[in-house]
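Structure data (compact mmCIF, C-alpha atoms and all ligand atoms) from run.txt:
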# COMPACT_ATOMS: atom_id res chain seq x y z
CA MET A 1 -14.04 -16.89 7.74
CA GLN A 2 -16.41 -16.69 10.74
CA GLY A 3 -17.87 -19.94 9.41
CA VAL A 4 -18.53 -18.51 5.95
CA PRO A 5 -16.91 -20.62 3.21
CA VAL A 6 -14.80 -18.35 1.05
CA GLY A 7 -16.03 -20.39 -1.93
CA ASP A 8 -19.57 -19.11 -1.25
CA ILE A 9 -18.32 -15.54 -1.34
CA ALA A 10 -16.51 -16.26 -4.63
CA GLU A 11 -19.68 -17.82 -6.02
CA LYS A 12 -21.78 -14.82 -5.12
CA TYR A 13 -19.44 -11.93 -5.92
CA GLY A 14 -16.95 -13.39 -8.38
CA THR A 15 -13.18 -13.22 -8.15
CA PRO A 16 -10.78 -11.67 -7.41
CA PHE A 17 -11.77 -9.90 -4.19
CA PHE A 18 -10.51 -8.74 -0.83
CA VAL A 19 -12.30 -10.11 2.20
CA TYR A 20 -11.98 -8.64 5.70
CA ASP A 21 -12.84 -10.34 8.98
CA SER A 22 -14.49 -7.91 11.39
CA GLN A 23 -13.62 -10.18 14.33
CA VAL A 24 -9.92 -9.91 13.54
CA LEU A 25 -10.24 -6.14 13.12
CA ALA A 26 -11.88 -5.91 16.54
CA ASP A 27 -9.42 -8.27 18.24
CA THR A 28 -6.44 -6.41 16.78
CA PHE A 29 -7.76 -3.03 17.85
CA HIS A 30 -8.71 -4.06 21.37
CA GLY A 31 -5.60 -6.19 21.82
CA LEU A 32 -3.51 -3.07 21.30
CA ASP A 33 -5.81 -0.63 23.06
CA GLU A 34 -5.83 -2.77 26.21
CA VAL A 35 -2.05 -2.90 26.56
CA LEU A 36 -1.33 0.74 25.76
CA PRO A 37 -1.01 3.10 28.72
CA SER A 38 -4.34 4.76 29.44
CA GLY A 39 -4.83 8.04 27.68
CA VAL A 40 -3.14 7.03 24.43
CA ASP A 41 -5.67 7.48 21.62
CA ILE A 42 -5.45 5.34 18.50
CA LEU A 43 -6.12 6.94 15.13
CA PHE A 44 -6.62 4.83 12.03
CA SER A 45 -4.51 5.95 9.05
CA LEU A 46 -6.98 5.61 6.18
CA LYS A 47 -4.12 5.42 3.71
CA ALA A 48 -3.69 1.74 4.63
CA ASN A 49 -7.30 0.83 3.83
CA PRO A 50 -9.72 3.59 2.90
CA ASN A 51 -12.79 1.37 2.72
CA ILE A 52 -15.60 3.29 4.41
CA SER A 53 -16.99 0.23 6.20
CA VAL A 54 -13.59 -0.77 7.54
CA CYS A 55 -13.18 2.79 8.80
CA SER A 56 -16.66 2.79 10.31
CA PHE A 57 -16.07 -0.54 12.03
CA LEU A 58 -12.79 0.65 13.53
CA GLY A 59 -14.48 3.90 14.57
CA ARG A 60 -17.05 1.89 16.50
CA GLN A 61 -14.24 0.10 18.28
CA GLY A 62 -12.93 3.50 19.40
CA ALA A 63 -10.47 4.56 16.71
CA GLY A 64 -10.22 8.10 15.40
CA ALA A 65 -8.91 8.85 11.92
CA GLU A 66 -5.79 10.23 10.34
CA VAL A 67 -6.57 11.40 6.81
CA SER A 68 -4.41 12.75 4.02
CA SER A 69 -6.82 13.93 1.34
CA ALA A 70 -10.17 15.64 1.05
CA VAL A 71 -11.81 12.35 0.04
CA GLU A 72 -10.28 10.50 2.99
CA LEU A 73 -11.69 13.27 5.20
CA MET A 74 -15.15 12.78 3.67
CA THR A 75 -14.79 9.02 4.09
CA ALA A 76 -13.98 9.35 7.78
CA LEU A 77 -16.86 11.78 8.36
CA ARG A 78 -19.36 9.60 6.49
CA ALA A 79 -18.06 6.60 8.41
CA GLY A 80 -19.18 8.40 11.54
CA ILE A 81 -15.84 9.43 13.01
CA ASP A 82 -16.20 12.45 15.31
CA PRO A 83 -14.41 15.47 13.75
CA ASP A 84 -12.65 15.96 17.07
CA ASP A 85 -11.00 12.57 16.52
CA ILE A 86 -9.73 13.41 13.02
CA ILE A 87 -6.40 14.90 12.01
CA PHE A 88 -5.39 15.80 8.45
CA LEU A 89 -1.77 15.44 7.40
CA GLY A 90 0.21 15.31 4.19
CA PRO A 91 2.91 17.46 2.63
CA GLY A 92 0.83 18.76 -0.29
CA LYS A 93 -2.45 20.06 1.08
CA THR A 94 -4.26 22.34 -1.33
CA GLU A 95 -6.20 25.43 -0.34
CA ALA A 96 -9.36 23.38 -0.87
CA ASP A 97 -8.05 20.70 1.54
CA LEU A 98 -7.33 23.36 4.17
CA SER A 99 -10.77 24.92 3.66
CA ALA A 100 -12.36 21.51 4.20
CA CYS A 101 -10.41 21.12 7.44
CA VAL A 102 -11.54 24.56 8.64
CA ALA A 103 -15.15 23.93 7.64
CA THR A 104 -15.33 20.56 9.42
CA GLY A 105 -13.60 21.65 12.62
CA ILE A 106 -11.33 18.64 12.91
CA HIS A 107 -9.09 18.03 15.92
CA ALA A 108 -6.01 19.43 14.21
CA VAL A 109 -4.40 20.16 10.89
CA VAL A 110 -0.92 18.67 10.88
CA CYS A 111 1.08 21.34 9.04
CA GLU A 112 4.23 20.28 7.24
CA SER A 113 5.78 23.63 6.25
CA LEU A 114 5.67 27.30 7.26
CA PRO A 115 4.09 28.37 3.95
CA GLU A 116 1.34 25.85 4.66
CA VAL A 117 0.77 27.34 8.13
CA ARG A 118 0.54 30.82 6.58
CA LEU A 119 -1.93 29.63 3.95
CA LEU A 120 -4.04 27.93 6.63
CA ASP A 121 -4.05 31.18 8.61
CA GLU A 122 -5.35 33.03 5.52
CA VAL A 123 -7.96 30.38 4.78
CA ALA A 124 -9.17 30.45 8.39
CA ALA A 125 -9.29 34.27 8.35
CA ALA A 126 -11.32 34.30 5.13
CA ALA A 127 -13.74 31.77 6.60
CA GLY A 128 -14.09 33.88 9.74
CA ALA A 129 -13.05 30.83 11.74
CA GLY A 130 -11.60 31.05 15.22
CA PRO A 131 -8.02 29.94 15.74
CA VAL A 132 -7.67 26.63 13.90
CA PRO A 133 -5.78 24.00 15.91
CA VAL A 134 -2.46 23.04 14.34
CA LEU A 135 0.10 20.36 15.06
CA LEU A 136 3.49 21.03 13.58
CA ARG A 137 4.93 17.97 11.91
CA VAL A 138 8.58 17.79 12.85
CA ASN A 139 11.28 16.03 10.88
CA PRO A 140 13.33 15.02 13.92
CA GLY A 141 17.08 15.46 14.00
CA PHE A 142 17.41 11.87 15.16
CA THR A 143 16.78 8.76 13.15
CA SER A 144 15.36 5.44 14.18
CA LYS A 145 16.39 1.88 13.66
CA GLY A 146 14.14 -1.03 12.97
CA SER A 147 11.92 0.50 10.33
CA GLY A 148 11.39 -0.81 6.82
CA LEU A 149 11.32 2.82 5.68
CA SER A 150 12.72 5.22 8.20
CA MET A 151 12.16 8.92 8.64
CA GLY A 152 14.07 11.48 10.69
CA GLY A 153 17.70 12.51 10.67
CA LYS A 154 17.77 13.06 6.92
CA PRO A 155 16.40 15.50 4.36
CA ARG A 156 12.71 14.83 3.80
CA GLN A 157 9.79 16.52 2.11
CA PHE A 158 7.75 15.77 5.23
CA GLY A 159 7.43 18.14 8.15
CA MET A 160 9.85 20.83 9.29
CA ASP A 161 13.31 20.37 10.72
CA GLU A 162 13.54 21.06 14.44
CA ASP A 163 15.61 24.22 13.96
CA VAL A 164 13.11 25.56 11.41
CA VAL A 165 10.35 25.12 13.99
CA ARG A 166 12.42 26.82 16.69
CA ALA A 167 13.27 29.78 14.49
CA ALA A 168 9.61 30.28 13.58
CA GLY A 169 8.36 30.93 17.11
CA ASP A 170 7.70 34.66 16.71
CA GLU A 171 6.04 34.32 13.35
CA LEU A 172 3.79 31.51 14.52
CA GLY A 173 2.86 33.47 17.62
CA ALA A 174 1.79 36.41 15.47
CA LEU A 175 -0.67 34.43 13.34
CA ARG A 176 -4.16 35.16 14.71
CA HIS A 177 -6.20 32.46 12.99
CA ILE A 178 -4.21 29.40 13.85
CA GLU A 179 -3.11 28.05 17.18
CA VAL A 180 -0.16 25.68 17.60
CA LYS A 181 -1.44 22.98 19.93
CA GLY A 182 1.43 20.54 19.73
CA PHE A 183 3.61 18.41 17.55
CA HIS A 184 3.60 15.36 15.35
CA ALA A 185 6.40 13.04 14.30
CA TYR A 186 6.36 9.79 12.36
CA MET A 187 9.49 7.70 12.40
CA GLY A 188 8.70 5.12 9.73
CA THR A 189 6.71 2.04 8.93
CA ARG A 190 6.92 -1.73 9.55
CA PHE A 191 8.52 -1.64 12.99
CA LEU A 192 8.65 -5.19 14.30
CA ASN A 193 10.76 -4.63 17.41
CA HIS A 194 8.67 -3.05 20.16
CA GLN A 195 11.73 -1.49 21.81
CA ASP A 196 12.38 0.68 18.74
CA VAL A 197 8.84 2.06 18.98
CA VAL A 198 9.23 2.63 22.72
CA ASP A 199 12.48 4.52 22.14
CA ASN A 200 10.89 6.64 19.41
CA THR A 201 7.95 7.46 21.61
CA ALA A 202 10.16 8.60 24.49
CA ARG A 203 12.29 10.72 22.19
CA ILE A 204 9.33 12.32 20.44
CA LEU A 205 7.60 13.17 23.72
CA ALA A 206 10.84 14.75 24.98
CA MET A 207 11.29 16.64 21.71
CA ALA A 208 7.72 17.95 21.93
CA GLU A 209 8.33 19.21 25.48
CA HIS A 210 11.49 21.03 24.40
CA LEU A 211 9.89 22.57 21.33
CA ALA A 212 6.82 23.70 23.28
CA LYS A 213 9.11 25.40 25.80
CA ASP A 214 11.21 27.05 23.10
CA LEU A 215 8.12 28.31 21.29
CA GLY A 216 6.28 29.23 24.48
CA VAL A 217 3.18 27.26 23.48
CA PRO A 218 1.12 24.98 25.70
CA LEU A 219 1.14 21.28 24.81
CA ARG A 220 -2.39 20.11 24.02
CA THR A 221 -1.71 17.24 21.61
CA VAL A 222 1.31 15.15 20.74
CA ASP A 223 1.11 12.54 18.00
CA PHE A 224 4.08 10.20 18.11
CA GLY A 225 3.21 8.26 14.97
CA GLY A 226 3.25 4.51 15.12
CA GLY A 227 4.17 2.45 12.12
CA LEU A 228 3.77 -0.91 13.87
CA GLY A 229 4.54 -3.75 11.51
CA VAL A 230 3.02 -7.16 10.94
CA ALA A 231 4.98 -10.31 10.15
CA TYR A 232 4.53 -11.01 6.47
CA PHE A 233 7.44 -13.27 5.76
CA GLU A 234 8.72 -16.56 7.10
CA ASN A 235 11.74 -15.10 8.88
CA GLU A 236 9.70 -12.45 10.69
CA SER A 237 7.76 -12.52 13.91
CA GLY A 238 5.05 -10.05 14.86
CA ILE A 239 5.65 -7.14 17.18
CA ASP A 240 5.41 -7.91 20.90
CA ILE A 241 2.35 -5.89 21.86
CA ALA A 242 2.54 -6.65 25.57
CA GLY A 243 6.19 -5.57 25.58
CA LEU A 244 5.22 -2.41 23.72
CA GLY A 245 2.59 -1.56 26.32
CA ASP A 246 4.99 -2.24 29.21
CA GLY A 247 7.78 -0.21 27.65
CA MET A 248 5.54 2.77 26.99
CA ARG A 249 4.09 2.92 30.46
CA ASP A 250 6.86 4.95 32.14
CA PRO A 251 7.60 7.46 29.39
CA VAL A 252 3.91 8.11 28.77
CA ALA A 253 2.99 8.29 32.47
CA GLY A 254 5.85 10.72 33.19
CA PHE A 255 4.78 12.88 30.26
CA ARG A 256 1.14 12.85 31.27
CA ASP A 257 2.01 13.82 34.83
CA ARG A 258 3.82 16.88 33.54
CA HIS A 259 1.14 17.65 30.93
CA PRO A 260 -2.19 16.37 32.23
CA GLU A 261 -4.09 18.44 29.66
CA CYS A 262 -2.25 16.99 26.72
CA ARG A 263 -3.81 14.43 24.40
CA VAL A 264 -1.41 11.69 23.31
CA ILE A 265 -2.07 10.10 19.95
CA MET A 266 -0.74 7.14 18.03
CA GLU A 267 -1.65 6.73 14.35
CA LEU A 268 -1.63 3.32 12.72
CA GLY A 269 -2.59 1.89 9.39
CA ARG A 270 -1.01 -1.43 8.54
CA PHE A 271 -1.15 -2.91 12.03
CA LEU A 272 -4.88 -2.31 12.41
CA THR A 273 -6.02 -3.86 9.13
CA ALA A 274 -3.37 -6.12 7.57
CA ASP A 275 -4.15 -9.30 9.51
CA ALA A 276 -7.88 -9.02 8.90
CA GLY A 277 -7.67 -9.12 5.11
CA THR A 278 -7.26 -11.89 2.54
CA TYR A 279 -6.90 -11.38 -1.20
CA VAL A 280 -8.71 -14.17 -3.00
CA THR A 281 -7.86 -14.94 -6.58
CA ARG A 282 -8.81 -17.87 -8.80
CA ALA A 283 -6.34 -20.06 -10.65
CA LEU A 284 -7.08 -19.89 -14.38
CA TYR A 285 -4.24 -21.94 -15.84
CA VAL A 286 -1.41 -24.07 -14.52
CA LYS A 287 1.61 -24.53 -16.76
CA GLU A 288 5.30 -25.35 -16.81
CA SER A 289 8.13 -23.24 -18.10
CA MET A 290 11.66 -24.56 -18.03
CA GLY A 291 11.11 -26.55 -14.89
CA GLU A 292 9.07 -23.95 -12.98
CA THR A 293 5.34 -24.38 -12.39
CA PHE A 294 3.25 -21.27 -12.97
CA VAL A 295 -0.27 -20.65 -11.75
CA ILE A 296 -1.87 -17.87 -13.75
CA ALA A 297 -4.55 -16.33 -11.56
CA ASP A 298 -7.31 -13.87 -12.39
CA GLY A 299 -5.84 -11.22 -10.08
CA GLY A 300 -2.33 -10.29 -9.10
CA THR A 301 -0.21 -7.24 -8.46
CA ASN A 302 -2.83 -5.07 -10.17
CA HIS A 303 -4.68 -5.36 -6.85
CA HIS A 304 -1.93 -6.39 -4.50
CA MET A 305 1.31 -4.67 -5.32
CA ALA A 306 2.43 -4.98 -1.68
CA ALA A 307 2.77 -8.73 -2.11
CA VAL A 308 5.69 -8.08 -4.44
CA GLY A 309 7.77 -7.32 -1.35
CA ILE A 310 7.59 -4.10 0.54
CA GLY A 311 10.78 -2.22 1.21
CA SER A 312 12.90 -5.18 0.26
CA PHE A 313 14.87 -6.02 -2.83
CA VAL A 314 14.62 -9.74 -2.30
CA LYS A 315 11.18 -10.84 -3.33
CA ARG A 316 9.65 -12.63 -0.41
CA ASN A 317 6.34 -14.39 -0.26
CA PHE A 318 3.26 -13.31 1.62
CA PRO A 319 1.52 -16.22 3.33
CA ILE A 320 -0.59 -17.98 0.69
CA ARG A 321 -3.01 -20.92 0.89
CA ASN A 322 -4.89 -23.05 -1.55
CA LEU A 323 -8.37 -22.51 -0.12
CA ASP A 324 -9.71 -25.50 -2.03
CA ARG A 325 -7.31 -27.92 -0.35
CA PRO A 326 -7.12 -26.79 3.28
CA GLY A 327 -4.80 -28.86 5.39
CA ALA A 328 -3.44 -30.84 2.44
CA PRO A 329 0.35 -31.25 2.37
CA PRO A 330 2.36 -29.33 -0.24
CA ASP A 331 2.89 -31.29 -3.47
CA GLY A 332 5.25 -28.89 -5.17
CA THR A 333 6.34 -25.31 -5.63
CA TYR A 334 4.21 -22.85 -7.53
CA THR A 335 4.88 -19.38 -8.83
CA VAL A 336 1.61 -17.50 -8.81
CA THR A 337 1.22 -14.71 -11.34
CA GLY A 338 -1.63 -12.43 -12.32
CA PRO A 339 -3.23 -11.27 -15.57
CA LEU A 340 -0.84 -8.42 -16.40
CA CYS A 341 1.47 -8.58 -19.39
CA THR A 342 4.59 -7.96 -17.36
CA PRO A 343 6.91 -10.42 -15.63
CA ASN A 344 6.66 -8.21 -12.53
CA ASP A 345 3.12 -9.44 -12.00
CA THR A 346 4.34 -12.22 -9.74
CA VAL A 347 2.41 -12.56 -6.51
CA VAL A 348 4.43 -15.36 -4.92
CA LYS A 349 7.55 -17.03 -6.23
CA LYS A 350 8.10 -20.76 -5.79
CA ALA A 351 5.72 -21.15 -2.87
CA LYS A 352 5.12 -24.63 -1.48
CA LEU A 353 1.43 -25.41 -1.92
CA PRO A 354 -0.90 -28.38 -2.05
CA GLU A 355 -1.69 -29.25 -5.64
CA VAL A 356 -3.16 -26.30 -7.53
CA ARG A 357 -5.68 -27.01 -10.28
CA PRO A 358 -7.43 -24.55 -12.56
CA GLY A 359 -10.46 -23.18 -10.72
CA ASP A 360 -8.89 -23.36 -7.27
CA LEU A 361 -9.16 -20.35 -4.99
CA LEU A 362 -5.91 -19.01 -3.63
CA GLY A 363 -5.88 -16.82 -0.54
CA ILE A 364 -3.07 -14.38 0.12
CA GLU A 365 -3.20 -13.58 3.78
CA ARG A 366 -2.35 -10.51 5.87
CA SER A 367 -3.49 -8.48 2.94
CA GLY A 368 -5.83 -5.99 4.60
CA ALA A 369 -3.41 -3.06 4.30
CA TYR A 370 -1.97 -1.31 1.26
CA GLY A 371 -3.90 -3.53 -1.11
CA PRO A 372 -5.94 -2.25 -4.05
CA THR A 373 -5.52 1.48 -3.41
CA ALA A 374 -1.75 1.06 -3.36
CA SER A 375 -1.71 -0.97 -6.58
CA PRO A 376 -1.89 -0.18 -10.30
CA GLY A 377 -5.56 -1.17 -10.53
CA LEU A 378 -6.09 0.54 -13.88
CA PHE A 379 -3.20 -1.22 -15.57
CA LEU A 380 -4.63 -3.23 -18.48
CA SER A 381 -8.01 -1.81 -17.47
CA HIS A 382 -8.81 -4.57 -15.00
CA GLY A 383 -10.18 -2.07 -12.47
CA TYR A 384 -10.85 -2.28 -8.78
CA PRO A 385 -11.79 -5.63 -7.17
CA ALA A 386 -14.79 -6.24 -4.96
CA GLU A 387 -14.33 -5.92 -1.18
CA ILE A 388 -16.32 -7.95 1.32
CA LEU A 389 -16.53 -7.51 5.07
CA VAL A 390 -17.53 -10.64 6.96
CA HIS A 391 -19.41 -9.46 10.03
CA ARG A 392 -21.42 -11.54 12.50
CA GLY A 393 -21.07 -14.52 10.19
CA ARG A 394 -22.41 -12.70 7.14
CA PRO A 395 -20.53 -11.54 4.05
CA LEU A 396 -21.34 -7.89 3.36
CA LEU A 397 -20.37 -6.30 0.06
CA VAL A 398 -18.51 -3.10 0.99
CA ARG A 399 -17.07 -2.21 -2.41
CA GLU A 400 -18.47 -3.11 -5.80
CA ARG A 401 -16.12 -4.48 -8.37
CA ASP A 402 -15.50 -1.98 -11.20
CA THR A 403 -17.63 -2.72 -14.21
CA PRO A 404 -16.44 -2.08 -17.78
CA GLU A 405 -18.78 0.94 -17.84
CA ASP A 406 -17.20 2.31 -14.62
CA LEU A 407 -13.85 2.12 -16.33
CA LEU A 408 -14.92 3.54 -19.68
CA ALA A 409 -17.39 6.21 -18.56
CA PRO A 410 -14.80 8.92 -17.73
CA GLN A 411 -13.25 8.61 -21.20
CA ARG A 412 -14.41 10.76 -24.11
CA LEU A 413 -14.37 9.56 -27.68
CA ALA A 414 -12.98 12.63 -29.49
CA PRO A 415 -15.03 13.80 -32.50
CA LEU A 416 -12.07 13.27 -34.77
CA ASP A 417 -13.98 13.50 -38.04
CA GLU A 418 -15.97 16.61 -37.09
CA THR A 419 -12.92 18.52 -35.93
CA PRO A 420 -11.80 20.87 -38.73
C1 LIG B 501 1.75 6.02 6.11
C2 LIG B 501 1.67 6.79 7.35
C3 LIG B 501 1.06 6.24 8.48
C4 LIG B 501 0.56 4.83 8.54
O1 LIG B 501 1.65 3.99 8.55
P1 LIG B 501 1.53 2.42 8.92
O2 LIG B 501 2.91 1.93 8.83
O3 LIG B 501 0.60 1.82 7.92
O4 LIG B 501 0.96 2.34 10.29
C5 LIG B 501 0.97 7.02 9.61
N1 LIG B 501 1.44 8.29 9.63
C6 LIG B 501 2.05 8.85 8.56
C7 LIG B 501 2.55 10.23 8.64
C8 LIG B 501 2.18 8.13 7.38
O5 LIG B 501 2.79 8.67 6.33
Show how you would write the structure in this file as structure tokens.
Ligand SMILES: *Cc1c(COP(=O)(O)O)cnc(C)c1O
Amino acid sequence: MQGVPVGDIAEKYGTPFFVYDSQVLADTFHGLDEVLPSGVDILFSLKANPNISVCSFLGRQGAGAEVSSAVELMTALRAGIDPDDIIFLGPGKTEADLSACVATGIHAVVCESLPEVRLLDEVAAAAGAGPVPVLLRVNPGFTSKGSGLSMGGKPRQFGMDEDVVRAAGDELGALRHIEVKGFHAYMGTRFLNHQDVVDNTARILAMAEHLAKDLGVPLRTVDFGGGLGVAYFENESGIDIAGLGDGMRDPVAGFRDRHPECRVIMELGRFLTADAGTYVTRALYVKESMGETFVIADGGTNHHMAAVGIGSFVKRNFPIRNLDRPGAPPDGTYTVTGPLCTPNDTVVKKAKLPEVRPGDLLGIERSGAYGPTASPGLFLSHGYPAEILVHRGRPLLVRERDTPEDLLAPQRLAPLDETP
């Protein structure tokens, strides 16, 4: 990676680990930014990869942040993201979360229910804060095709149905400490066909215009989600970014002509970070069972649950390479499993690989999104892996591996004998 042998990183920091390539992060961000119509801001959804250095690097490229917890908000702020480029969303914000939003003066709180809007109004009043900018998250009446996990057109715990928003106009107008600035909608994740995203964008912009009119509020921000996919599996191809940019031009330009003051936002997690990341794990043992060859590696689904197959019942394989035999032809099929005591800890099933010997490093690619934080890292007390960012040809440790003490320190040994 950037001329750094992954074996050197393994030597220095041990295995398993995630390694991110800053050049790929930059190329992915700018590749998208350049084709999008001007005036579309990209926010990074920290959920996909909350590493503070990854966030900081993307921030320097020009990304804002979409956060969904108080700690993600702190991460984005410490990573140097301007509060005016941060939005906070999520269906279960606590009063403390809302207070943190008010105190930091972020671009907008994306409210997902009327009770939440009322609570935010109270929190803002108590803090003596001026009207706090709010986007209403809408659960659209329409649904979308092409997503691995689609939203809209069905009952959801996220956002408010369009008719709920419409019926709330008077009440929202009467709240003095919040100000509805616009709308948010998110249609799903893993879109691989650009036309589906274009269609969603046009429909969400139109919906926002209608709702703003019905509520009599000015449109200052519309966030039309994103959910761009990456091609993980053999039968998939990546989303056509140039086609996406072309398709968005007319709907976005028309909208911006009618609402020149309005900020248009797209929020993305997976697309921005997946390609840049590789999960590196070391083969411990190679053995046969009833005709199948197993590689038991020192890390597996405890760090990389996504590799088990996202949104699909058929287990499909992430791209995997034997980093110790680059370019060598496959010599057989290998099922790679991790250290957990469950048959589900299978990272790839019957993948064709060059010979795998104990000690070899295996790299699972496109793994920069929904990795360790979306995995059962505490299962069997293995803990969180190290994370390394390769930047300007240097490996930088951006997350320490959990030590046994890190894992045991929060536990308390009960004074069983002294307890009467
Ligand atoms: C998860 C999520 C995202 C990020 O989705 P990706 O598919 O990773 O881009 C963005 N917005 C909302 C509301 C989400 O729930």
Straight-line distance linking CA of Ile265 (chain A) with CA of Asp223 (chain A), stated in Å to one decimal =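 One can read the CA of Ile265 (chain A) to CA of Asp223 (chain A) distance as 4.5 Å.
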Write out as an MDAnalysis selection string each polymer residue whose atoms come within 8 Å of region 46-63 of chain A, counting all atoms listed in the file; drop sequence neighbours fewer than 3 positions from it.
-> chainID A and resid 22 25:26 29:30 41:43 66:68 72 75:76 78:81 269:270 273 368:371 373 389 398:399
Export C-alpha atoms of the chosen residues as a PDB file, in the frame of the given file?
ATOM      1  CA  SER A  22     -14.490  -7.910  11.390  1.00  0.00           C
ATOM      2  CA  LEU A  25     -10.240  -6.140  13.120  1.00  0.00           C
ATOM      3  CA  ALA A  26     -11.880  -5.910  16.540  1.00  0.00           C
ATOM      4  CA  PHE A  29      -7.760  -3.030  17.850  1.00  0.00           C
ATOM      5  CA  HIS A  30      -8.710  -4.060  21.370  1.00  0.00           C
ATOM      6  CA  ASP A  41      -5.670   7.480  21.620  1.00  0.00           C
ATOM      7  CA  ILE A  42      -5.450   5.340  18.500  1.00  0.00           C
ATOM      8  CA  LEU A  43      -6.120   6.940  15.130  1.00  0.00           C
ATOM      9  CA  GLU A  66      -5.790  10.230  10.340  1.00  0.00           C
ATOM     10  CA  VAL A  67      -6.570  11.400   6.810  1.00  0.00           C
ATOM     11  CA  SER A  68      -4.410  12.750   4.020  1.00  0.00           C
ATOM     12  CA  GLU A  72     -10.280  10.500   2.990  1.00  0.00           C
ATOM     13  CA  THR A  75     -14.790   9.020   4.090  1.00  0.00           C
ATOM     14  CA  ALA A  76     -13.980   9.350   7.780  1.00  0.00           C
ATOM     15  CA  ARG A  78     -19.360   9.600   6.490  1.00  0.00           C
ATOM     16  CA  ALA A  79     -18.060   6.600   8.410  1.00  0.00           C
ATOM     17  CA  GLY A  80     -19.180   8.400  11.540  1.00  0.00           C
ATOM     18  CA  ILE A  81     -15.840   9.430  13.010  1.00  0.00           C
ATOM     19  CA  GLY A 269      -2.590   1.890   9.390  1.00  0.00           C
ATOM     20  CA  ARG A 270      -1.010  -1.430   8.540  1.00  0.00           C
ATOM     21  CA  THR A 273      -6.020  -3.860   9.130  1.00  0.00           C
ATOM     22  CA  GLY A 368      -5.830  -5.990   4.600  1.00  0.00           C
ATOM     23  CA  ALA A 369      -3.410  -3.060   4.300  1.00  0.00           C
ATOM     24  CA  TYR A 370      -1.970  -1.310   1.260  1.00  0.00           C
ATOM     25  CA  GLY A 371      -3.900  -3.530  -1.110  1.00  0.00           C
ATOM     26  CA  THR A 373      -5.520   1.480  -3.410  1.00  0.00           C
ATOM     27  CA  LEU A 389     -16.530  -7.510   5.070  1.00  0.00           C
ATOM     28  CA  VAL A 398     -18.510  -3.100   0.990  1.00  0.00           C
ATOM     29  CA  ARG A 399     -17.070  -2.210  -2.410  1.00  0.00           C
TER      30      ARG A 399
END
Produce as JSON, numbers by chain the set of residues near ligand LIG 501 (chain B), where near means within 6 Å with all atoms listed in the file considered.
-> {"A": [45, 48, 186, 189, 190, 225, 226, 227, 228, 267, 268, 269, 270, 271]}
List the neighbours of region 239-253 of chain A out to 6 Å using all atoms listed in the file; skip same-chain residues closer than 2 positions along the sequence, and give me the result as a VMD selection string.
-> chain A and resid 35 to 37 192 to 194 198 202 255 to 256
Print the selection's residues with C-alpha atoms to a file, as a compact mmCIF listing (two decimals), keeping the file's coordinate frame.
# COMPACT_ATOMS: atom_id res chain seq x y z
CA VAL A 35 -2.05 -2.90 26.56
CA LEU A 36 -1.33 0.74 25.76
CA PRO A 37 -1.01 3.10 28.72
CA LEU A 192 8.65 -5.19 14.30
CA ASN A 193 10.76 -4.63 17.41
CA HIS A 194 8.67 -3.05 20.16
CA VAL A 198 9.23 2.63 22.72
CA ALA A 202 10.16 8.60 24.49
CA PHE A 255 4.78 12.88 30.26
CA ARG A 256 1.14 12.85 31.27
Interatomic distance, CA of Gly229 (chain A) to CA of Glu387 (chain A) (Å, one decimal) = 22.8 Å
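Shortest separation to Met1 (chain A) among A:Leu407, A:Leu380, A:Ala276, A:Leu98 occurs at residue A:Ala276, atoms counted being all atoms listed in the file.
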Taking 4 positions as the minimum chain separation for residues in the same chain, which residues sit within 10 Å of region 5-7 of chain A when counting all atoms listed in the file? Answer as a CSV table (one decimal) with C-alpha atoms, in the frame of the given file.
chain,number,residue,atom,x,y,z
A,1,MET,CA,-14.0,-16.9,7.7
A,11,GLU,CA,-19.7,-17.8,-6.0
A,12,LYS,CA,-21.8,-14.8,-5.1
A,13,TYR,CA,-19.4,-11.9,-5.9
A,14,GLY,CA,-17.0,-13.4,-8.4
A,15,THR,CA,-13.2,-13.2,-8.2
A,19,VAL,CA,-12.3,-10.1,2.2
A,280,VAL,CA,-8.7,-14.2,-3.0
A,323,LEU,CA,-8.4,-22.5,-0.1
A,324,ASP,CA,-9.7,-25.5,-2.0
A,360,ASP,CA,-8.9,-23.4,-7.3
A,361,LEU,CA,-9.2,-20.4,-5.0
A,363,GLY,CA,-5.9,-16.8,-0.5
A,395,PRO,CA,-20.5,-11.5,4.0
For Ala96 (chain A), which residue among A:Val308, A:Ala70, A:Leu353, A:Val117 is the nearest when counting only C-alpha atoms?
-> A:Ala70
Using all atoms listed in the file, which of the listed residues (A:Gly277, A:Gly64, A:Pro326, A:Gly159) sits closest to Val24 (chain A)?
->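 With all atoms listed in the file as the atom set, the closest residue is A:Gly277.
Restricting the calculation to only C-alpha atoms, the smallest distance between Ala65 (chain A) and any of A:Gly39, A:Pro329, A:Ile106, A:Leu136 is found for A:Ile106.
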Can you tell me, as an MDAnalysis selection string, which residues sit within 6 Å of (19.7, 15.1, 14.7) in the file's frame, using only C-alpha atoms?
-> chainID A and resid 141:142 153
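Counting only C-alpha atoms, the residue from A:Asp21, A:Asp199, A:Glu261, A:Glu209 that sits nearest to Arg394 (chain A) is A:Asp21.
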Hey, which of A:Val286, A:Val197, A:Ile178, A:Leu172 ends up closest to Asp121 (chain A)? Count only C-alpha atoms.
->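 Closest candidate: A:Ile178.
Going from CA of Arg401 (chain A) over to CA of Tyr384 (chain A), you cover 5.7 Å.
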Shell around His382 (chain A) at 10 Å using all atoms listed in the file, local window under 4 positions removed, as a ChimeraX atom specification | /A:298-299,302-303,339-340,376-378,401-404,407
